[in-house]
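Structure data follow from model34.cif (mmCIF, C-alpha atoms):
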```
data_work
loop_
_atom_site.label_atom_id
_atom_site.label_comp_id
_atom_site.auth_asym_id
_atom_site.auth_seq_id
_atom_site.Cartn_x
_atom_site.Cartn_y
_atom_site.Cartn_z
CA MET A 1 36.25 -20.90 -100.29
CA ALA A 2 35.59 -22.60 -96.94
CA ARG A 3 32.57 -24.87 -96.87
CA GLN A 4 29.89 -23.69 -94.45
CA LYS A 5 29.24 -26.10 -91.59
CA ASN A 6 25.80 -27.70 -91.44
CA TYR A 7 24.84 -27.66 -87.77
CA LYS A 8 21.43 -29.12 -88.60
CA LYS A 9 23.25 -32.45 -88.96
CA THR A 10 24.59 -31.96 -85.44
CA LEU A 11 21.11 -31.24 -84.15
CA THR A 12 19.69 -34.34 -85.87
CA ALA A 13 22.41 -36.53 -84.35
CA CYS A 14 21.72 -35.06 -80.90
CA TYR A 15 17.96 -35.62 -81.28
CA LEU A 16 18.59 -39.26 -82.13
CA GLY A 17 21.09 -39.43 -79.28
CA PHE A 18 18.30 -38.75 -76.81
CA VAL A 19 16.06 -41.25 -78.63
CA THR A 20 18.72 -43.94 -78.10
CA GLN A 21 18.87 -42.94 -74.43
CA ALA A 22 15.08 -43.35 -74.22
CA ILE A 23 15.45 -46.86 -75.65
CA SER A 24 18.08 -47.73 -73.04
CA ALA A 25 15.96 -46.41 -70.18
CA ASN A 26 12.53 -47.69 -71.21
CA PHE A 27 12.88 -50.92 -73.20
CA ALA A 28 14.18 -53.39 -70.58
CA PRO A 29 11.37 -52.65 -68.06
CA LEU A 30 8.88 -53.87 -70.69
CA LEU A 31 10.63 -57.28 -70.56
CA PHE A 32 10.89 -57.81 -66.79
CA LEU A 33 8.25 -60.56 -66.66
CA THR A 34 9.76 -62.13 -69.80
CA PHE A 35 13.15 -62.27 -68.08
CA ARG A 36 11.52 -64.03 -65.13
CA SER A 37 9.83 -66.69 -67.26
CA THR A 38 12.74 -67.16 -69.70
CA TYR A 39 15.68 -67.27 -67.29
CA GLY A 40 13.99 -68.13 -63.99
CA ILE A 41 15.10 -64.85 -62.38
CA THR A 42 13.21 -63.73 -59.28
CA LEU A 43 11.42 -60.39 -59.19
CA GLU A 44 13.69 -59.35 -56.33
CA LYS A 45 16.71 -59.69 -58.62
CA ILE A 46 14.91 -58.10 -61.56
CA ALA A 47 14.24 -55.05 -59.36
CA MET A 48 18.02 -54.55 -59.26
CA ILE A 49 18.13 -53.85 -63.02
CA PRO A 50 16.86 -50.22 -62.88
CA MET A 51 18.96 -49.60 -59.78
CA VAL A 52 22.12 -50.80 -61.57
CA PHE A 53 21.16 -48.76 -64.64
CA TYR A 54 20.84 -45.47 -62.74
CA LEU A 55 23.87 -46.19 -60.51
CA ALA A 56 26.05 -46.75 -63.60
CA GLN A 57 24.72 -43.49 -65.06
CA LEU A 58 25.54 -41.65 -61.84
CA LEU A 59 29.11 -42.95 -61.85
CA ILE A 60 29.73 -42.06 -65.50
CA ASP A 61 28.23 -38.60 -64.92
CA LEU A 62 30.76 -38.06 -62.14
CA ALA A 63 33.68 -39.47 -64.13
CA ALA A 64 32.82 -37.35 -67.18
CA THR A 65 33.67 -34.17 -65.26
CA ARG A 66 37.32 -35.24 -65.56
CA PHE A 67 37.73 -36.99 -68.90
CA ALA A 68 35.17 -35.58 -71.40
CA ASP A 69 37.14 -32.42 -72.26
CA ARG A 70 40.45 -34.29 -72.44
CA ILE A 71 39.21 -37.03 -74.76
CA GLY A 72 36.97 -34.76 -76.81
CA TYR A 73 33.24 -34.57 -77.44
CA ARG A 74 33.24 -36.50 -80.71
CA THR A 75 35.15 -39.51 -79.40
CA CYS A 76 33.04 -39.69 -76.24
CA VAL A 77 29.67 -39.34 -77.98
CA VAL A 78 30.60 -41.93 -80.64
CA VAL A 79 31.57 -44.32 -77.84
CA SER A 80 28.20 -43.61 -76.19
CA GLN A 81 26.33 -44.81 -79.27
CA VAL A 82 28.51 -47.90 -79.72
CA LEU A 83 28.11 -48.90 -76.06
CA SER A 84 24.34 -48.40 -76.26
CA ALA A 85 24.16 -50.72 -79.26
CA VAL A 86 26.53 -53.32 -77.79
CA GLY A 87 24.62 -53.32 -74.50
CA LEU A 88 21.27 -53.93 -76.21
CA VAL A 89 22.62 -56.71 -78.42
CA SER A 90 24.31 -58.26 -75.39
CA MET A 91 20.99 -58.25 -73.53
CA ALA A 92 19.55 -60.46 -76.27
CA PHE A 93 22.35 -63.05 -76.31
CA LEU A 94 24.74 -62.77 -73.35
CA PRO A 95 22.41 -64.28 -70.67
CA GLU A 96 22.50 -67.59 -72.59
CA LEU A 97 26.28 -67.47 -73.08
CA VAL A 98 27.30 -67.13 -69.43
CA PRO A 99 26.73 -69.61 -66.57
CA VAL A 100 24.45 -67.20 -64.66
CA PRO A 101 21.86 -65.50 -66.94
CA PHE A 102 21.24 -62.68 -64.44
CA ALA A 103 24.95 -61.78 -64.56
CA GLY A 104 24.70 -61.54 -68.35
CA LEU A 105 21.74 -59.19 -68.02
CA LEU A 106 23.55 -56.95 -65.53
CA ILE A 107 26.67 -56.75 -67.73
CA SER A 108 24.46 -55.71 -70.65
CA VAL A 109 22.65 -53.11 -68.53
CA VAL A 110 25.94 -51.59 -67.36
CA LEU A 111 27.16 -51.32 -70.97
CA TYR A 112 24.14 -49.44 -72.28
CA ALA A 113 23.83 -47.45 -69.05
CA VAL A 114 27.36 -46.09 -69.55
CA GLY A 115 26.38 -45.16 -73.11
CA SER A 116 23.19 -43.53 -71.83
CA GLY A 117 25.10 -41.57 -69.19
CA LEU A 118 27.57 -40.25 -71.76
CA ILE A 119 24.69 -39.16 -74.00
CA GLU A 120 23.11 -37.30 -71.10
CA VAL A 121 26.36 -35.48 -70.27
CA LEU A 122 27.49 -34.64 -73.81
CA VAL A 123 24.48 -33.93 -76.01
CA SER A 124 23.40 -30.74 -74.20
CA PRO A 125 26.86 -29.06 -74.34
CA ILE A 126 27.25 -30.11 -77.98
CA VAL A 127 24.04 -28.24 -78.86
CA GLU A 128 24.98 -25.37 -76.53
CA ALA A 129 28.25 -24.96 -78.47
CA CYS A 130 26.43 -24.66 -81.82
CA PRO A 131 25.75 -21.09 -83.07
CA PHE A 132 21.95 -21.27 -82.68
CA GLU A 133 19.75 -18.44 -81.45
CA HIS A 134 17.26 -18.83 -78.58
CA LYS A 135 19.28 -21.56 -76.89
CA ASP A 136 16.72 -22.16 -74.13
CA GLY A 137 14.04 -22.97 -76.73
CA MET A 138 16.48 -25.13 -78.70
CA MET A 139 17.38 -27.00 -75.50
CA SER A 140 13.70 -27.65 -74.80
CA LEU A 141 13.16 -29.04 -78.31
CA LEU A 142 16.27 -31.17 -77.93
CA HIS A 143 15.04 -32.74 -74.70
CA SER A 144 11.59 -33.33 -76.20
CA SER A 145 13.20 -35.97 -78.41
CA TYR A 146 13.74 -38.12 -75.30
CA CYS A 147 10.00 -37.96 -74.57
CA TRP A 148 9.02 -38.95 -78.10
CA GLY A 149 11.63 -41.69 -77.96
CA ALA A 150 10.03 -43.03 -74.78
CA VAL A 151 6.57 -42.92 -76.40
CA GLY A 152 7.96 -44.63 -79.48
CA VAL A 153 9.58 -47.42 -77.45
CA VAL A 154 6.35 -48.18 -75.58
CA LEU A 155 4.10 -47.99 -78.67
CA GLY A 156 6.57 -49.67 -81.04
CA SER A 157 7.32 -52.52 -78.65
CA THR A 158 3.64 -53.06 -77.81
CA LEU A 159 2.78 -53.21 -81.52
CA PHE A 160 5.68 -55.57 -82.29
CA PHE A 161 4.71 -57.95 -79.49
CA ALA A 162 1.07 -57.89 -80.61
CA LEU A 163 2.02 -58.74 -84.21
CA PHE A 164 4.88 -61.19 -83.72
CA GLY A 165 4.64 -62.33 -80.10
CA ILE A 166 6.69 -61.57 -77.01
CA GLU A 167 8.81 -64.68 -77.69
CA HIS A 168 10.57 -62.75 -80.50
CA TRP A 169 11.75 -59.98 -78.17
CA LYS A 170 15.40 -60.60 -79.11
CA VAL A 171 14.70 -59.56 -82.70
CA LEU A 172 13.20 -56.29 -81.50
CA THR A 173 16.17 -55.71 -79.19
CA VAL A 174 18.57 -55.95 -82.13
CA LEU A 175 16.34 -53.64 -84.21
CA TRP A 176 16.44 -50.98 -81.48
CA ALA A 177 20.24 -51.39 -81.33
CA LEU A 178 20.52 -50.63 -85.06
CA LEU A 179 19.33 -47.07 -84.40
CA SER A 180 22.32 -46.48 -82.12
CA LEU A 181 24.69 -47.84 -84.77
CA TYR A 182 23.13 -45.58 -87.40
CA ASN A 183 23.55 -42.56 -85.13
CA THR A 184 27.21 -43.46 -84.62
CA TRP A 185 27.69 -42.60 -88.29
CA ASN A 186 25.84 -39.31 -87.79
CA PHE A 187 28.14 -38.23 -84.95
CA LEU A 188 31.24 -39.20 -86.97
CA ARG A 189 30.22 -36.83 -89.80
CA CYS A 190 28.47 -33.85 -88.20
CA PRO A 191 30.32 -30.66 -87.11
CA ILE A 192 31.05 -30.55 -83.36
CA GLU A 193 32.46 -27.46 -81.67
CA ARG A 194 34.14 -27.10 -78.30
CA LEU A 195 31.90 -25.49 -75.69
CA MET A 196 34.83 -23.55 -74.23
CA GLU A 197 38.33 -22.80 -75.47
CA GLU A 198 40.97 -24.88 -73.71
CA GLY A 199 41.79 -23.38 -70.33
CA LYS A 200 38.81 -20.98 -70.42
CA GLY A 201 36.24 -23.17 -68.69
CA MET A 202 35.79 -23.36 -64.93
CA SER A 203 37.24 -26.32 -63.07
CA SER A 204 35.11 -28.61 -60.93
CA GLY A 205 36.53 -26.98 -57.81
CA GLU A 206 35.68 -23.49 -59.01
CA LEU A 207 32.12 -24.52 -59.80
CA LEU A 208 31.60 -26.20 -56.45
CA ARG A 209 32.76 -23.09 -54.61
CA LEU A 210 29.92 -21.04 -56.14
CA PRO A 211 26.84 -20.85 -53.86
CA LEU A 212 24.76 -20.07 -56.95
CA PHE A 213 25.81 -23.34 -58.55
CA TRP A 214 24.73 -25.32 -55.48
CA LEU A 215 21.32 -23.68 -55.75
CA ILE A 216 21.10 -24.83 -59.37
CA ILE A 217 22.18 -28.33 -58.26
CA VAL A 218 19.19 -28.36 -55.89
CA LEU A 219 16.95 -27.37 -58.80
CA MET A 220 18.27 -30.30 -60.86
CA ILE A 221 17.80 -32.80 -58.02
CA CYS A 222 14.18 -31.67 -57.62
CA THR A 223 13.72 -31.76 -61.40
CA GLY A 224 15.01 -35.33 -61.68
CA ALA A 225 12.90 -36.40 -58.71
CA SER A 226 9.70 -34.75 -60.01
CA GLU A 227 10.11 -36.30 -63.46
CA ALA A 228 11.29 -39.81 -62.64
CA THR A 229 8.92 -40.48 -59.75
CA MET A 230 5.77 -40.15 -61.81
CA ALA A 231 7.39 -41.76 -64.86
CA GLN A 232 8.35 -44.88 -62.90
CA TRP A 233 5.21 -45.23 -60.79
CA ALA A 234 2.59 -44.12 -63.34
CA SER A 235 2.02 -47.64 -64.71
CA ALA A 236 1.58 -49.22 -61.28
CA PHE A 237 -0.63 -46.33 -60.16
CA THR A 238 -2.81 -46.61 -63.26
CA GLU A 239 -3.17 -50.39 -62.92
CA SER A 240 -4.14 -50.18 -59.25
CA ALA A 241 -6.40 -47.11 -59.59
CA LEU A 242 -8.24 -48.12 -62.76
CA GLY A 243 -7.97 -51.90 -62.41
CA VAL A 244 -6.66 -52.36 -65.97
CA SER A 245 -4.11 -54.76 -67.50
CA LYS A 246 -0.41 -54.01 -67.58
CA ALA A 247 -0.48 -53.24 -71.34
CA VAL A 248 -3.24 -50.68 -70.85
CA GLY A 249 -1.50 -49.38 -67.73
CA ASP A 250 1.74 -48.82 -69.65
CA LEU A 251 -0.05 -46.91 -72.42
CA ALA A 252 -2.35 -44.87 -70.18
CA GLY A 253 0.24 -44.16 -67.47
CA PRO A 254 3.84 -43.73 -68.70
CA GLY A 255 2.63 -43.36 -72.30
CA LEU A 256 0.41 -40.34 -71.60
CA PHE A 257 2.97 -38.91 -69.19
CA ALA A 258 5.76 -39.04 -71.81
CA MET A 259 3.45 -37.68 -74.53
CA PHE A 260 2.45 -34.63 -72.46
CA MET A 261 6.08 -34.07 -71.46
CA GLY A 262 7.08 -34.05 -75.12
CA ILE A 263 4.25 -31.64 -76.00
CA SER A 264 5.35 -29.31 -73.21
CA ARG A 265 8.95 -29.21 -74.45
CA MET A 266 7.92 -28.72 -78.07
CA LEU A 267 5.57 -25.85 -77.22
CA TYR A 268 8.23 -24.06 -75.18
CA GLY A 269 10.80 -24.64 -77.92
CA LYS A 270 8.47 -23.07 -80.47
CA PHE A 271 7.47 -20.02 -78.41
CA SER A 272 10.55 -19.57 -76.22
CA GLU A 273 11.44 -16.13 -77.61
CA ARG A 274 8.07 -14.81 -76.34
CA LEU A 275 8.23 -16.48 -72.93
CA HIS A 276 10.05 -15.72 -69.67
CA LEU A 277 11.92 -18.89 -68.67
CA THR A 278 11.96 -18.45 -64.90
CA ARG A 279 8.27 -17.49 -64.79
CA VAL A 280 7.39 -20.53 -66.91
CA MET A 281 9.48 -22.71 -64.59
CA LEU A 282 7.67 -21.30 -61.54
CA LEU A 283 4.29 -21.98 -63.12
CA CYS A 284 5.35 -25.52 -64.01
CA GLY A 285 6.60 -26.15 -60.46
CA VAL A 286 3.25 -25.10 -58.99
CA LEU A 287 1.36 -27.18 -61.58
CA CYS A 288 3.57 -30.21 -60.87
CA ALA A 289 2.92 -30.02 -57.14
CA GLY A 290 -0.80 -29.73 -57.88
CA CYS A 291 -0.67 -32.81 -60.14
CA TYR A 292 1.01 -34.90 -57.44
CA LEU A 293 -1.61 -33.76 -54.93
CA LEU A 294 -4.41 -34.54 -57.41
CA ALA A 295 -3.06 -38.05 -58.02
CA ALA A 296 -2.50 -38.66 -54.30
CA LEU A 297 -5.66 -37.16 -52.82
CA SER A 298 -8.37 -37.57 -55.46
CA ALA A 299 -10.96 -40.27 -54.81
CA SER A 300 -11.71 -40.43 -58.55
CA PRO A 301 -9.50 -42.82 -60.60
CA VAL A 302 -10.04 -40.65 -63.70
CA LEU A 303 -8.85 -37.52 -61.89
CA GLY A 304 -5.89 -39.49 -60.55
CA LEU A 305 -4.96 -40.50 -64.10
CA ALA A 306 -5.35 -36.86 -65.18
CA GLY A 307 -2.89 -35.91 -62.45
CA CYS A 308 -0.38 -38.44 -63.83
CA ALA A 309 -0.77 -37.25 -67.42
CA LEU A 310 -0.71 -33.51 -66.68
CA CYS A 311 2.35 -34.01 -64.50
CA GLY A 312 4.20 -34.72 -67.76
CA LEU A 313 3.08 -31.32 -69.05
CA ALA A 314 4.39 -29.70 -65.84
CA VAL A 315 7.79 -31.39 -65.62
CA GLY A 316 8.56 -31.06 -69.34
CA ILE A 317 10.28 -27.67 -69.04
CA MET A 318 12.07 -28.37 -65.78
CA TRP A 319 15.13 -30.36 -66.94
CA PRO A 320 16.03 -28.36 -70.10
CA GLY A 321 15.00 -25.13 -68.31
CA SER A 322 17.35 -25.81 -65.40
CA ILE A 323 20.18 -26.50 -67.86
CA SER A 324 19.45 -23.24 -69.72
CA ILE A 325 19.38 -21.24 -66.48
CA SER A 326 22.70 -22.78 -65.46
CA SER A 327 24.25 -21.92 -68.86
CA GLN A 328 23.06 -18.34 -68.55
CA LYS A 329 24.15 -17.87 -64.95
CA CYS A 330 27.50 -19.67 -65.32
CA PRO A 331 28.53 -19.28 -68.98
CA ARG A 332 32.09 -20.46 -68.19
CA GLY A 333 30.83 -23.64 -66.54
CA GLY A 334 31.99 -25.83 -69.42
CA THR A 335 31.60 -29.60 -69.65
CA ALA A 336 32.09 -30.07 -65.90
CA MET A 337 28.94 -28.04 -65.26
CA PHE A 338 26.83 -30.18 -67.61
CA ALA A 339 28.22 -33.36 -66.04
CA PHE A 340 27.37 -32.15 -62.51
CA LEU A 341 23.87 -31.17 -63.67
CA ALA A 342 23.32 -34.64 -65.15
CA LEU A 343 24.67 -36.17 -61.94
CA ALA A 344 22.27 -34.10 -59.81
CA GLY A 345 19.29 -34.92 -62.03
CA ASP A 346 20.10 -38.64 -61.95
CA LEU A 347 20.53 -38.48 -58.19
CA GLY A 348 17.01 -37.10 -57.81
CA ALA A 349 15.72 -39.68 -60.30
CA THR A 350 17.34 -42.49 -58.29
CA VAL A 351 16.38 -41.45 -54.76
CA SER A 352 12.83 -40.15 -55.15
CA PRO A 353 11.13 -43.22 -56.71
CA ALA A 354 12.71 -45.41 -54.04
CA LEU A 355 11.52 -42.95 -51.39
CA VAL A 356 7.97 -43.13 -52.74
CA GLY A 357 8.07 -46.93 -52.64
CA SER A 358 9.31 -46.91 -49.03
CA PHE A 359 6.60 -44.53 -47.82
CA ALA A 360 3.96 -46.48 -49.76
CA GLU A 361 5.13 -49.66 -48.01
CA LEU A 362 4.96 -47.96 -44.60
CA ALA A 363 1.39 -46.92 -45.44
CA GLY A 364 0.39 -50.53 -46.04
CA GLY A 365 1.04 -50.56 -49.78
CA ASP A 366 -0.85 -47.33 -50.45
CA LEU A 367 0.92 -45.80 -53.45
CA LYS A 368 -1.05 -42.57 -53.03
CA ALA A 369 0.73 -41.95 -49.71
CA GLY A 370 4.10 -42.23 -51.47
CA LEU A 371 3.07 -39.83 -54.24
CA LEU A 372 1.93 -37.35 -51.59
CA VAL A 373 5.49 -37.28 -50.20
CA ALA A 374 6.89 -36.71 -53.72
CA ALA A 375 4.93 -33.44 -53.95
CA ALA A 376 7.65 -31.92 -51.75
CA PHE A 377 10.15 -31.91 -54.63
CA PRO A 378 8.33 -29.46 -56.95
CA VAL A 379 7.62 -27.28 -53.91
CA VAL A 380 11.36 -27.09 -53.14
CA LEU A 381 11.96 -26.34 -56.84
CA VAL A 382 9.60 -23.34 -56.67
CA ILE A 383 11.33 -22.06 -53.51
CA GLY A 384 14.73 -22.41 -55.19
CA LEU A 385 13.56 -20.53 -58.28
CA LEU A 386 12.20 -17.69 -56.12
CA ILE A 387 15.57 -17.44 -54.34
CA LEU A 388 17.35 -17.46 -57.71
CA LYS A 389 14.99 -14.78 -59.03
CA GLY A 390 15.72 -12.65 -55.98
CA LYS A 391 19.47 -12.97 -56.52
CA ALA A 392 19.10 -11.47 -60.00
CA GLY A 393 18.92 -8.03 -58.48
CA GLY A 394 21.98 -8.56 -56.32
CA THR A 395 25.68 -8.57 -57.04
CA ALA A 396 26.51 -10.57 -60.13
CA LEU A 397 29.34 -13.07 -60.18
CA PRO A 398 32.21 -12.45 -62.62
CA THR A 399 31.17 -15.57 -64.54
CA GLU A 400 27.57 -14.53 -65.09
CA ALA A 401 27.85 -12.46 -68.25
CA THR A 402 25.14 -13.24 -70.73
CA ARG A 403 26.30 -14.61 -74.07
CA PRO A 404 25.07 -13.37 -77.43
CA GLY A 405 21.99 -15.16 -78.73
CA LYS A 406 20.70 -15.94 -75.24
CA THR A 407 17.91 -14.37 -73.25
CA SER A 408 18.04 -13.70 -69.54
CA ALA A 409 16.53 -16.42 -67.37
CA SER A 410 15.81 -14.16 -64.45
#
```
Encoded form (C-alpha cells):
Amino acid sequence: MARQKNYKKTLTACYLGFVTQAISANFAPLLFLTFRSTYGITLEKIAMIPMVFYLAQLLIDLAATRFADRIGYRTCVVVSQVLSAVGLVSMAFLPELVPVPFAGLLISVVLYAVGSGLIEVLVSPIVEACPFEHKDGMMSLLHSSYCWGAVGVVLGSTLFFALFGIEHWKVLTVLWALLSLYNTWNFLRCPIERLMEEGKGMSSGELLRLPLFWLIIVLMICTGASEATMAQWASAFTESALGVSKAVGDLAGPGLFAMFMGISRMLYGKFSERLHLTRVMLLCGVLCAGCYLLAALSASPVLGLAGCALCGLAVGIMWPGSISISSQKCPRGGTAMFAFLALAGDLGATVSPALVGSFAELAGGDLKAGLLVAAAFPVVLVIGLLILKGKAGGTALPTEATRPGKTSAS
C-alpha cells in the first residue's frame, strides 16, 4: 500500500524558508555601524549593501523564469538554503580573509541574496502545488512567516547583543546560518510536487502577451513599493519623529510594522474562507494610503508612529493576495508567472525607498515629504484592483479557469 504523503512537512519547510529569507534581508542592516567601526568602511559604501542585495534578487528572479522548471523545484530550493547559509557564514569571516574587507562583504551579500531570491520565487509555487484547500488563506499564512522571521531577527539580535555584546556578532551570524542548514534537510525530505505538468504551463512570452498579466504586474510593483518603503524608512522616521535611540527606533518602527504585517496575514489566513479577497485588498489599499498620509501629514509624533505601525496591517495582505489573484486568473502561469511576480515586487521594493529618499533630500531632508510621495503606490494599487474587478464581468481568457479548492478573487 502506497504511503500517504505528508504535505505538512512541505509547509513547515516553506515557512522556515521565508524565515531564512527574513534573516538575509534584515540581519545585515543591524550591523551597518559595526561594519564601519570594525573594517573602516564609509557609510557611503555601506549604503551599497542593500542595493546590491535587492539587485542580486532582481537578477535571480529574472533568471529563474528560464531555469527553475528545468532544474526542478527541489534542487533549486535546496541550493537556496545552502547559499543563504554560506553567505551568512562568509559575512562573518570573508572580510578578514580578502585584501579589501568591503569586497568580502559584497561577495557574502550576493551569495545570500541569490539564496533569498530563489526562496522568493520557489516557495509560493511549491505551496500552490500542494493539495491544500483555501489556497489564498494558506498563501497568506505562508507569507506571515516572513514577518515573524523579521520580528524574530530584530528581537533576537537585540537580546543577543544586550547579553553578550555587539563584539560577538560573528557568533550570532553563524547561529542564524544554522537555521538555513537545518531547513536544507527539511527540503531534502519533504514531498514536492510540480506546479504544472511538463509542457502544460505558459511560456514567458505567452504570459507577457496577456494584458491581464501586465495589470497584475502593476499590482505587484505597487505592493512591493508600499511594503518596502515603510519597512526601510520606519526606523529613521521613528528616530527623527520621537527623538529616540536607534535600538528603540528599530523596535518601535520596523518591529511594530513587521508585527502588524504578520498579524494581518495570520488573520486573513484563518478567516479566508469567509472573506472576499479583492474587497479585502481594496480596503487594505485605502488603509495603506491613509497610513502614509497620517505619517506624512500628522503633526503628532505618536500619530505618525501609529501610521507606520498600522501600515504593516494594511500591506500584509497585498503581496500574498496579489499572488493568489494571479494564480486564480492565470492558472496555467506556472513557475514563470511566480518568478515575474517576485521580480515585479522586488522592483517596487528597490525603486520606491530610493524615490522617497530622493524627494526627502529635495525637501531639505524632510522624510515626511518623501513618505507623502509614497502614498501614490497604494492609490495606484486600488485603481488597478478596480479595473481588475471590472474585467471579471467581461470576456474571460482561455487560461482563467478556476481550479478546484480555490475561491474566486473577483
How many Å separate CA of Val153 (chain A) from CA of Asn26 (chain A)?
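If I compute the distance from CA of Val153 (chain A) to CA of Asn26 (chain A), I get 6.9 Å.
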When distances are computed from only C-alpha atoms, which of A:Ile216, A:Leu305, A:Ala234, A:Leu179 shows the smallest separation from Leu367 (chain A)?
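Ranking A:Ile216, A:Leu305, A:Ala234, A:Leu179 by distance to Leu367 (chain A), first place goes to A:Ala234.
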Tell me, counting all atoms listed in the file, for each residue of region 104-146 of chain A within 8 Å of region 38-54 of chain A, which pair of atoms is nearest and how far apart they are in Å to one decimal, in rows ordered by chain and increasing number, as JSON lines.
```
{"residue": "A:Leu106", "atom": "CA", "partner": "A:Ile49", "partner_atom": "CA", "distance": 6.7}
{"residue": "A:Val109", "atom": "CA", "partner": "A:Phe53", "partner_atom": "CA", "distance": 6.0}
{"residue": "A:Val110", "atom": "CA", "partner": "A:Phe53", "partner_atom": "CA", "distance": 6.2}
{"residue": "A:Ala113", "atom": "CA", "partner": "A:Phe53", "partner_atom": "CA", "distance": 5.3}
```
Take CA of Ile383 (chain A) and CA of Asp61 (chain A) and report the distance between them in Å, one decimal.
26.3 Å
Near Ile263 (chain A), counting only C-alpha atoms, which residues have an atom at most 12 Å away, once you skip same-chain residues fewer than 6 positions from it, shown as number ranges by chain?
A: 140-141, 143-148, 151, 256-257, 269-270, 309-317
Taking all atoms listed in the file into account, name the residue in A:Ala289, A:Leu215, A:Met259, A:Cys190 that is nearest to Cys14 (chain A).
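Smallest distance to Cys14 (chain A) is found for A:Cys190.
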Tell me which protein, DNA and RNA residues are within 12 Å of Ile23 (chain A), counting all atoms listed in the file, leaving out same-chain ones fewer than 3 positions away, and put them as a compact mmCIF listing (two decimals) with C-alpha atoms, in the coordinates of the input.
```
# COMPACT_ATOMS: atom_id res chain seq x y z
CA LEU A 16 18.59 -39.26 -82.13
CA GLY A 17 21.09 -39.43 -79.28
CA PHE A 18 18.30 -38.75 -76.81
CA VAL A 19 16.06 -41.25 -78.63
CA THR A 20 18.72 -43.94 -78.10
CA ASN A 26 12.53 -47.69 -71.21
CA PHE A 27 12.88 -50.92 -73.20
CA ALA A 28 14.18 -53.39 -70.58
CA PRO A 29 11.37 -52.65 -68.06
CA LEU A 30 8.88 -53.87 -70.69
CA GLN A 81 26.33 -44.81 -79.27
CA SER A 84 24.34 -48.40 -76.26
CA ALA A 85 24.16 -50.72 -79.26
CA GLY A 87 24.62 -53.32 -74.50
CA LEU A 88 21.27 -53.93 -76.21
CA VAL A 109 22.65 -53.11 -68.53
CA TYR A 112 24.14 -49.44 -72.28
CA ALA A 113 23.83 -47.45 -69.05
CA GLY A 115 26.38 -45.16 -73.11
CA SER A 116 23.19 -43.53 -71.83
CA SER A 145 13.20 -35.97 -78.41
CA TYR A 146 13.74 -38.12 -75.30
CA CYS A 147 10.00 -37.96 -74.57
CA TRP A 148 9.02 -38.95 -78.10
CA GLY A 149 11.63 -41.69 -77.96
CA ALA A 150 10.03 -43.03 -74.78
CA VAL A 151 6.57 -42.92 -76.40
CA GLY A 152 7.96 -44.63 -79.48
CA VAL A 153 9.58 -47.42 -77.45
CA VAL A 154 6.35 -48.18 -75.58
CA LEU A 155 4.10 -47.99 -78.67
CA GLY A 156 6.57 -49.67 -81.04
CA SER A 157 7.32 -52.52 -78.65
CA LEU A 172 13.20 -56.29 -81.50
CA THR A 173 16.17 -55.71 -79.19
CA VAL A 174 18.57 -55.95 -82.13
CA LEU A 175 16.34 -53.64 -84.21
CA TRP A 176 16.44 -50.98 -81.48
CA ALA A 177 20.24 -51.39 -81.33
CA LEU A 178 20.52 -50.63 -85.06
CA LEU A 179 19.33 -47.07 -84.40
CA SER A 180 22.32 -46.48 -82.12
```
Report, as lines of an AutoDock Vina configuration file, the centre and edge lengths in Å (one decimal) of the axis-aligned box enclosing every listed atom of region 212-227 of chain A, padded by 8 Å on each side.
```
center_x = 17.8
center_y = -28.2
center_z = -59.5
size_x = 32.1
size_y = 32.3
size_z = 24.0
```
Mind pulling up the distance from CA of Pro320 (chain A) to CA of Leu219 (chain A)?
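So the answer is 11.4 Å.
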Nearest to Trp233 (chain A) by atom-to-atom distance, counting all atoms listed in the file, from A:Leu386, A:Leu163, A:Ala63, A:Cys308
A:Cys308
Which polymer residues have any atom within 10 Å of an atom of Gly205 (chain A), counting all atoms listed in the file, with same-chain residues fewer than 4 positions away left out, as a list in words?
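Once the adjacent positions are removed, what remains is Arg209, Leu210 and Ala336 of chain A.
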How would the residues just picked look written out with C-alpha atoms as a compact mmCIF listing (two decimals), in the coordinates of the input?
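Result file is result-v7.txt:
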```txt
# COMPACT_ATOMS: atom_id res chain seq x y z
CA ARG A 209 32.76 -23.09 -54.61
CA LEU A 210 29.92 -21.04 -56.14
CA ALA A 336 32.09 -30.07 -65.90
```
Could you write out as a ChimeraX atom specification the residues that the PyMOL selection byres ((chain A and resi 384) around 12) matches in the shown file?
/A:212-223,278,281-282,285,322,377-383,385-391
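The closest residue to Ile126 (chain A), picked from A:Phe32, A:Phe187, A:Tyr268, A:Trp319 and counting all atoms listed in the file, is A:Phe187.
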Once the PyMOL selection byres ((chain A and resi 68) around 10) is applied to the coordinates I shared, what remains selected? I want it as a list in words.
Asp61, Ala63, Ala64, Thr65, Arg66, Phe67, Asp69, Arg70, Ile71, Gly72, Tyr73, Arg74, Thr75, Cys76, Val77, Leu118, Val121, Leu122, Thr335, Ala336 and Ala339 of chain A
